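Q: This is the structure, below, for whatever I ask next.
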Amino acid sequence: MLDPALLRAQLADTARRLRDTRGFELDVAALEALEAERKTIQIRTQELQNLRNTRSKAIGAAKAKGEDVAPLMAEVAGFGDELKASEARLAEIQQAFADIALRVPNLPHESVPIGRDENGNVEMHRHGEPTRFDFKPRDHIDLGARKGWLDAESASRISGARFTVLRGELARLHRALAQFMLDLHTGEHGYLEVNVPLLVAPEALVGTGNLPKFEEDLFRTDTGDVRRFLIPTAEVPLTNLVREQIVEADALPMRMTAHTMCFRAEAGSYGRDVRGMIRQHQFEKVELVSITRPQDSWAEHERMTRCAETVLERLGLPYRRMVLCTGDMGFAAARTHDLEVWLPGQDAYREISSCSNCEAFQARRMQGRWRNPDTGKPELLHTLNGSGVAIGRALIAVMENYQQADGSIRVPEVLRGYMGGAEVIA
RNA sequence: GGAGAGGUGGCAGAGUGGUCGAAUGCGCCGGAUUCGAAAUCCGGUUUACGGGUCUCCCGUAACGUGGGUUCGAAUCCCACCCUCUCCGCCA
């Protein structure tokens with residue numbers, strides 16, 4: 001959520017910035033009307049509440065002295081209805097304001113390139129060169145089919161489209177990737193390993209910005225009359241660890257990592273990446289979340305992106321870093337770096353990690369604060385999240401980049417310890 | 001799933017219709033005392049929102065959540081959520 005002051009005192013300017021960057025049309029007329037009424041109604045409501053409180057206390061005092069309270073009672077009765085109506089109207093206005101405010105995306109940082117869609121993204125740098133082969137490289141679907149390692153057909157019989165069954169050495173390689181990433185981030189990058197719930201309450205998703213606007217992207221369960229959602233990313237439970245908390249300054253930065261399943265409905269992506277395991281309803285990811293002081297978040301953003309890049313470098317995978325343009329960024333982000341890994345099977349770079357600084361946008365939604373020793377006051381935290389990295393896509397990248405002419409796959413050196421020392425899976 | 005107990009400030013724990021944002025203790029911060037420390041004593045110590053003469057003052061709200069009763073609710077009523085104990089089931 002944006003600072004409410006931006007939606008009140010600087011409404012016109014904020015609307016312009018949202019339009020120019022994200023192409024988002026803020027309902028200025030509605031907000032103006034609400035704000036105009038809010039102010040008078042709120043002042044009047046509090047006035048009446050004050051009146052009621054003082055009269056009620058007077059009644060108590062009069063009763064204690066044994067005096068007649070009838071006149072006081074009559075006085076209160078006089079404005080009781082107005083108070084009720086006023087309170088109700090104020091609640092309506094505040095609800096209406098929140099309904100709008102919770103659907104307004106974050107303002108991009110000034111450093112973010114302006115653009116409409118992914119074509120406006122800008123490459124920052126690249127690492128390695130696209131892998132060369134002296135034979136025609138296959139894609140992961142072919143490579144996986146050879147030994148029954150990767151089986152979409154069985155998965156669709158069990159669960160439907162966009163699921164995959166992994167078997168044997170490929171399943172093990174998948175697990176090895178997760179282990180490697182987790183060990184790297186906890187052992188070398190200072191992240192604390194956390195194991196989190198995969199089913200979360202709606203409030204947690206409001207906190208990260210997935211709700212109320214993007215419910216159609218989520219899987220939901222209504223068992224036992226309690227509505228819960230399957231997490232689309234571990235960012236949700238990890239970031240919500242500071243929800244409604246005031247953390248001490250010496251606990252910052254908080255760096256947390258978790259290996260979890262992620263579940264996405266992929267509504268609106270029909271026809272995209274239908275073959276293979278690039279885009280699945282269920283996938284695994286090692287997530288990085290940092291919680292920082294506001295003054296530290298941009299340095300942390302670079303650091304986090306480097307942590308994700310290190311994963312790809314250690315795996316020996318060619319990649320490039322992109323900065324997403326204003327029109328392609330996610331709802332909560334102020335700036336996002338995407339890492340795109342080279343996939344020989346597609347002859348293209350494809351997203352494998354996304355690292356975002358959300359500044360105070362999520363923290364404000366979840367009232368996540370820290371105590372600033374300089375002011376002694378609780379102030380909003382900054383939250384960052386990044387994939388470190390997507391495991392399914394890393395598996396694809398390893399398969400396609402490490403394939404050999406006979407369809408076998410060399411095991412990247414850093415993974416061999418997790419593979420019983422195997423140098424190749426065949 | 002069955003039976004019972006309970007959710008109050010950073011923590012512990014009082015409070016069962018009135019001046020209670022809330023005793024007391026602990027913790028924490030400041031001060032006094034001390035050569036210094038301990039002990040002791042004094043004072044302070046939640047958050048959100050709104051208004052203003054905007055380093056401060058005033059007001060409103062918040063005692064699990066949401067409704068209700070009432071002039072007035074931490075306190076009474078209803079629903080829900082959560083925690084704990086015992087039983088059952090279970091990875």
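Within each chain, counting starts at residue 1; across the structure tokens, chains are named A, B, ... in the order shown, with ligands numbered 1 upward in that order.
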Based on DSSP run over this structure's backbone, return all residues of region 116-358 of chain A in strand (DSSP E or B), as number ranges by chain.

A: A: 122-127, 150-151, 165-166, 192-193, 199-200, 220-221, 228-230, 246-248, 254-263, 282-292, 319-323, 335-343, 348-357

Q: Based on only C-alpha atoms (C1' of nucleotides), which of the residues in chain A come within 7 Å of chain B? I want them as a PyMOL selection string.

A: chain A and resi 46+56-57+60+73+76

Q: Write out as a PyMOL selection string which residues come within 9 Å of region 8-12 of chain B when counting only C-alpha atoms (C1' of nucleotides), dropping same-chain ones fewer than 4 positions away.

A: chain B and resi 21-22+25-28+46+63+74

Q: With a distance cut-off of 10 Å and only C-alpha atoms (C1' of nucleotides), select the neighbouring residues of Arg175 (chain A), excluding the residue or stretch itself and same-chain residues fewer than 3 positions from it, and output the selection as a list of chain:residue names.

A: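 Listed by chain and then number, they are A:Glu169, A:Leu170, A:Ala171, A:Arg172, A:Ala178, A:Gln179, A:Phe180, A:Glu284, A:Ile391, A:Gly392, A:Leu395, A:Leu415, A:Tyr418, A:Met419.
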
Q: Emit the selected residues as a PDB file, in the first residue's frame, including N, CA, C and O atoms.

A:
```
ATOM      1  N   GLU A 169      17.134 -40.712 -11.380  1.00  0.00           N
ATOM      2  CA  GLU A 169      18.268 -39.809 -11.207  1.00  0.00           C
ATOM      3  C   GLU A 169      17.892 -38.347 -11.438  1.00  0.00           C
ATOM      4  O   GLU A 169      18.499 -37.443 -10.886  1.00  0.00           O
ATOM      5  N   LEU A 170      16.892 -38.123 -12.271  1.00  0.00           N
ATOM      6  CA  LEU A 170      16.482 -36.736 -12.502  1.00  0.00           C
ATOM      7  C   LEU A 170      15.780 -36.180 -11.264  1.00  0.00           C
ATOM      8  O   LEU A 170      15.980 -35.027 -10.887  1.00  0.00           O
ATOM      9  N   ALA A 171      14.970 -37.009 -10.613  1.00  0.00           N
ATOM     10  CA  ALA A 171      14.317 -36.595  -9.370  1.00  0.00           C
ATOM     11  C   ALA A 171      15.386 -36.283  -8.324  1.00  0.00           C
ATOM     12  O   ALA A 171      15.265 -35.322  -7.558  1.00  0.00           O
ATOM     13  N   ARG A 172      16.435 -37.086  -8.351  1.00  0.00           N
ATOM     14  CA  ARG A 172      17.510 -36.871  -7.385  1.00  0.00           C
ATOM     15  C   ARG A 172      18.268 -35.573  -7.692  1.00  0.00           C
ATOM     16  O   ARG A 172      18.626 -34.826  -6.784  1.00  0.00           O
ATOM     17  N   ALA A 178      18.024 -28.269  -4.852  1.00  0.00           N
ATOM     18  CA  ALA A 178      17.420 -27.610  -3.695  1.00  0.00           C
ATOM     19  C   ALA A 178      18.397 -27.601  -2.523  1.00  0.00           C
ATOM     20  O   ALA A 178      18.599 -26.568  -1.861  1.00  0.00           O
ATOM     21  N   GLN A 179      19.028 -28.739  -2.299  1.00  0.00           N
ATOM     22  CA  GLN A 179      19.965 -28.865  -1.186  1.00  0.00           C
ATOM     23  C   GLN A 179      21.146 -27.919  -1.361  1.00  0.00           C
ATOM     24  O   GLN A 179      21.569 -27.240  -0.418  1.00  0.00           O
ATOM     25  N   PHE A 180      21.664 -27.904  -2.575  1.00  0.00           N
ATOM     26  CA  PHE A 180      22.812 -27.052  -2.873  1.00  0.00           C
ATOM     27  C   PHE A 180      22.481 -25.577  -2.611  1.00  0.00           C
ATOM     28  O   PHE A 180      23.237 -24.852  -1.962  1.00  0.00           O
ATOM     29  N   GLU A 284       8.889 -26.119  -7.168  1.00  0.00           N
ATOM     30  CA  GLU A 284       9.655 -25.861  -5.956  1.00  0.00           C
ATOM     31  C   GLU A 284      10.596 -24.692  -6.171  1.00  0.00           C
ATOM     32  O   GLU A 284      11.037 -24.422  -7.285  1.00  0.00           O
ATOM     33  N   ILE A 391      13.668 -24.002  -8.661  1.00  0.00           N
ATOM     34  CA  ILE A 391      14.357 -25.288  -8.770  1.00  0.00           C
ATOM     35  C   ILE A 391      13.999 -26.040 -10.051  1.00  0.00           C
ATOM     36  O   ILE A 391      14.873 -26.581 -10.726  1.00  0.00           O
ATOM     37  N   GLY A 392      12.735 -26.039 -10.413  1.00  0.00           N
ATOM     38  CA  GLY A 392      12.320 -26.722 -11.637  1.00  0.00           C
ATOM     39  C   GLY A 392      13.023 -26.140 -12.857  1.00  0.00           C
ATOM     40  O   GLY A 392      13.497 -26.872 -13.726  1.00  0.00           O
ATOM     41  N   LEU A 395      16.617 -27.071 -12.925  1.00  0.00           N
ATOM     42  CA  LEU A 395      16.776 -28.442 -13.400  1.00  0.00           C
ATOM     43  C   LEU A 395      16.778 -28.462 -14.931  1.00  0.00           C
ATOM     44  O   LEU A 395      17.614 -29.118 -15.560  1.00  0.00           O
ATOM     45  N   LEU A 415      27.159 -30.118  -7.539  1.00  0.00           N
ATOM     46  CA  LEU A 415      26.030 -30.988  -7.159  1.00  0.00           C
ATOM     47  C   LEU A 415      26.463 -32.423  -6.902  1.00  0.00           C
ATOM     48  O   LEU A 415      25.687 -33.233  -6.403  1.00  0.00           O
ATOM     49  N   TYR A 418      25.947 -34.180  -3.708  1.00  0.00           N
ATOM     50  CA  TYR A 418      24.553 -34.522  -3.388  1.00  0.00           C
ATOM     51  C   TYR A 418      24.055 -35.676  -4.242  1.00  0.00           C
ATOM     52  O   TYR A 418      22.930 -36.111  -4.104  1.00  0.00           O
ATOM     53  N   MET A 419      24.912 -36.124  -5.169  1.00  0.00           N
ATOM     54  CA  MET A 419      24.504 -37.161  -6.135  1.00  0.00           C
ATOM     55  C   MET A 419      25.326 -38.432  -5.959  1.00  0.00           C
ATOM     56  O   MET A 419      25.511 -39.199  -6.921  1.00  0.00           O
TER      57      MET A 419
END
```

Q: List the neighbours of Met366 (chain A) out to 9 Å using only C-alpha atoms (C1' of nucleotides); skip same-chain residues closer than 3 positions along the sequence, and give me the result as a CSV table (one decimal) with all heavy atoms, in the first residue's frame.

A:
```
chain,number,residue,atom,x,y,z
A,203,GLU,N,-5.2,-12.9,5.2
A,203,GLU,CA,-4.6,-11.7,5.6
A,203,GLU,C,-3.1,-11.7,5.2
A,203,GLU,O,-2.5,-10.6,4.9
A,203,GLU,CB,-4.7,-11.5,7.1
A,203,GLU,CG,-6.1,-11.4,7.7
A,203,GLU,CD,-6.7,-12.8,7.9
A,203,GLU,OE1,-6.3,-13.6,8.8
A,203,GLU,OE2,-7.7,-13.1,7.1
A,204,ALA,N,-2.5,-12.9,5.3
A,204,ALA,CA,-1.1,-12.9,4.9
A,204,ALA,C,-0.9,-12.5,3.4
A,204,ALA,O,0.1,-11.9,3.1
A,204,ALA,CB,-0.5,-14.3,5.1
A,206,VAL,N,-2.9,-10.6,1.7
A,206,VAL,CA,-3.1,-9.1,1.6
A,206,VAL,C,-1.9,-8.4,2.0
A,206,VAL,O,-1.5,-7.4,1.3
A,206,VAL,CB,-4.3,-8.7,2.6
A,206,VAL,CG1,-4.4,-7.1,2.6
A,206,VAL,CG2,-5.6,-9.2,2.1
A,207,GLY,N,-1.1,-8.9,2.9
A,207,GLY,CA,0.1,-8.3,3.4
A,207,GLY,C,1.1,-8.2,2.3
A,207,GLY,O,1.8,-7.2,2.1
A,208,THR,N,1.3,-9.3,1.5
A,208,THR,CA,2.3,-9.3,0.4
A,208,THR,C,1.8,-8.6,-0.9
A,208,THR,O,2.5,-8.4,-1.8
A,208,THR,CB,2.8,-10.7,0.1
A,208,THR,OG1,1.6,-11.6,0.2
A,208,THR,CG2,3.8,-11.2,1.1
A,240,ASN,N,5.6,-12.4,5.9
A,240,ASN,CA,4.6,-12.2,7.0
A,240,ASN,C,5.1,-12.5,8.4
A,240,ASN,O,4.3,-12.3,9.4
A,240,ASN,CB,3.3,-13.0,6.7
A,240,ASN,CG,2.4,-12.1,5.8
A,240,ASN,OD1,1.7,-11.3,6.2
A,240,ASN,ND2,2.4,-12.4,4.5
A,242,VAL,N,7.1,-10.8,9.9
A,242,VAL,CA,7.1,-9.5,10.6
A,242,VAL,C,5.8,-8.8,10.6
A,242,VAL,O,5.7,-7.7,11.1
A,242,VAL,CB,8.2,-8.5,10.0
A,242,VAL,CG1,9.6,-9.1,10.2
A,242,VAL,CG2,7.9,-8.2,8.5
A,243,ARG,N,4.7,-9.5,10.2
A,243,ARG,CA,3.4,-8.9,10.2
A,243,ARG,C,3.0,-8.5,11.7
A,243,ARG,O,3.1,-9.3,12.6
A,243,ARG,CB,2.4,-9.8,9.6
A,243,ARG,CG,1.0,-9.3,9.6
A,243,ARG,CD,0.2,-10.1,8.6
A,243,ARG,NE,-1.2,-9.8,8.8
A,243,ARG,CZ,-2.0,-10.6,9.5
A,243,ARG,NH1,-1.6,-11.7,10.0
A,243,ARG,NH2,-3.3,-10.2,9.7
A,244,GLU,N,2.6,-7.3,11.8
A,244,GLU,CA,2.2,-6.8,13.2
A,244,GLU,C,3.2,-6.9,14.2
A,244,GLU,O,2.9,-7.1,15.4
A,244,GLU,CB,0.9,-7.5,13.6
A,244,GLU,CG,-0.4,-7.1,12.8
A,244,GLU,CD,-1.5,-8.0,13.0
A,244,GLU,OE1,-1.7,-8.5,14.1
A,244,GLU,OE2,-2.3,-8.2,12.0
A,245,GLN,N,4.5,-6.9,13.8
A,245,GLN,CA,5.6,-7.0,14.7
A,245,GLN,C,6.4,-5.6,14.7
A,245,GLN,O,6.4,-4.9,13.8
A,245,GLN,CB,6.5,-8.1,14.3
A,245,GLN,CG,5.9,-9.5,14.2
A,245,GLN,CD,5.4,-10.0,15.6
A,245,GLN,OE1,6.2,-10.0,16.5
A,245,GLN,NE2,4.2,-10.3,15.7
A,362,GLN,N,4.8,-3.5,1.3
A,362,GLN,CA,4.2,-4.6,2.0
A,362,GLN,C,4.2,-4.4,3.5
A,362,GLN,O,3.3,-4.8,4.1
A,362,GLN,CB,5.1,-5.9,1.7
A,362,GLN,CG,5.0,-6.3,0.2
A,362,GLN,CD,5.9,-7.5,-0.1
A,362,GLN,OE1,6.9,-7.7,0.5
A,362,GLN,NE2,5.4,-8.4,-1.0
A,363,ALA,N,5.2,-3.8,4.0
A,363,ALA,CA,5.3,-3.5,5.4
A,363,ALA,C,4.1,-2.7,5.9
A,363,ALA,O,3.6,-2.9,7.0
A,363,ALA,CB,6.6,-2.8,5.8
A,369,ARG,N,7.0,-3.3,11.5
A,369,ARG,CA,7.8,-2.2,11.8
A,369,ARG,C,9.1,-2.5,12.6
A,369,ARG,O,9.2,-3.6,13.0
A,369,ARG,CB,6.9,-1.2,12.7
A,369,ARG,CG,5.8,-0.6,11.8
A,369,ARG,CD,4.7,-0.1,12.7
A,369,ARG,NE,4.1,-1.2,13.4
A,369,ARG,CZ,3.3,-1.0,14.5
A,369,ARG,NH1,3.0,0.2,14.9
A,369,ARG,NH2,2.7,-2.1,15.1
```

Q: Going by DSSP on the backbone, which bits of region 251-298 of chain A are helix (DSSP H, G or I)? Write them as a list in words, please.

A: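 DSSP-assigned helix (DSSP H, G or I) residues in region 251-298 of chain A: Ala251, Pro294, Gln295, Asp296, Ser297 and Trp298 of chain A.
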
Q: Extract, using only C-alpha atoms (C1' of nucleotides), all DNA, RNA and protein residues at most 12 Å from A23 (chain B), discarding same-chain residues fewer than 2 positions from it, and format them as an NGL selection string.

A: :B and (13-15 or 20 or 25)

Q: Using the selection just defined, write its residues with N, CA and C atoms (P, O5', C5', C4', C3', O3' and C1' of nucleotides) as a JSON list (two decimals), in the first residue's frame.

A:
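New file selection-v4.json:
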```json
[["chain", "number", "residue", "atom", "x", "y", "z"],
["B", 13, "G", "P", 0.58, -15.90, 34.56],
["B", 13, "G", "O5'", -0.06, -14.72, 35.42],
["B", 13, "G", "C5'", 0.04, -14.71, 36.83],
["B", 13, "G", "C4'", -0.53, -13.43, 37.38],
["B", 13, "G", "C3'", -2.01, -13.22, 37.15],
["B", 13, "G", "O3'", -2.78, -13.91, 38.13],
["B", 13, "G", "C1'", -0.85, -11.25, 36.58],
["B", 14, "A", "P", -4.39, -13.83, 38.10],
["B", 14, "A", "O5'", -4.62, -12.34, 38.66],
["B", 14, "A", "C5'", -5.91, -11.91, 38.96],
["B", 14, "A", "C4'", -5.85, -10.57, 39.63],
["B", 14, "A", "C3'", -7.16, -9.80, 39.55],
["B", 14, "A", "O3'", -8.04, -10.22, 40.58],
["B", 14, "A", "C1'", -5.35, -8.37, 39.00],
["B", 15, "G", "P", -9.42, -10.88, 40.19],
["B", 15, "G", "O5'", -10.19, -9.64, 39.54],
["B", 15, "G", "C5'", -10.43, -8.49, 40.34],
["B", 15, "G", "C4'", -10.59, -7.27, 39.47],
["B", 15, "G", "C3'", -11.77, -7.32, 38.49],
["B", 15, "G", "O3'", -12.98, -6.96, 39.12],
["B", 15, "G", "C1'", -9.83, -6.50, 37.40],
["B", 20, "C", "P", -10.30, 5.29, 37.00],
["B", 20, "C", "O5'", -9.72, 4.31, 35.93],
["B", 20, "C", "C5'", -9.27, 4.78, 34.67],
["B", 20, "C", "C4'", -9.56, 3.75, 33.60],
["B", 20, "C", "C3'", -11.04, 3.61, 33.24],
["B", 20, "C", "O3'", -11.25, 3.52, 31.85],
["B", 20, "C", "C1'", -10.13, 1.51, 33.85],
["B", 25, "G", "P", 4.62, -2.43, 42.47],
["B", 25, "G", "O5'", 5.26, -3.82, 42.01],
["B", 25, "G", "C5'", 5.47, -4.86, 42.96],
["B", 25, "G", "C4'", 5.84, -6.14, 42.26],
["B", 25, "G", "C3'", 7.01, -6.02, 41.28],
["B", 25, "G", "O3'", 8.27, -6.05, 41.93],
["B", 25, "G", "C1'", 5.25, -7.22, 40.27]]
```

Q: Measure the distance from CA of Ala15 (chain A) to CA of Leu324 (chain A) in Å and round it to one decimal.

A: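 Between these atoms lies a distance of 21.1 Å.
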
Q: What separation in Å, quoted to one decimal, exists between CA of Leu192 (chain A) and CA of Gly376 (chain A)?

A: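 Interatomic distance, CA of Leu192 (chain A) to CA of Gly376 (chain A): 27.4 Å.
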
Q: Please provide the set of residues having any atom within 8 Å of Asp117 (chain A), restricted to only C-alpha atoms (C1' of nucleotides), with same-chain residues fewer than 6 positions apart removed, written as an NGL selection string.

A: :A and (325-328)

Q: For CA of Trp149 (chain A) and CA of Gln403 (chain A), determine how far apart the two atoms are, in Å to one decimal place.

A: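 We find that CA of Trp149 (chain A) and CA of Gln403 (chain A) lie 14.1 Å from each other.
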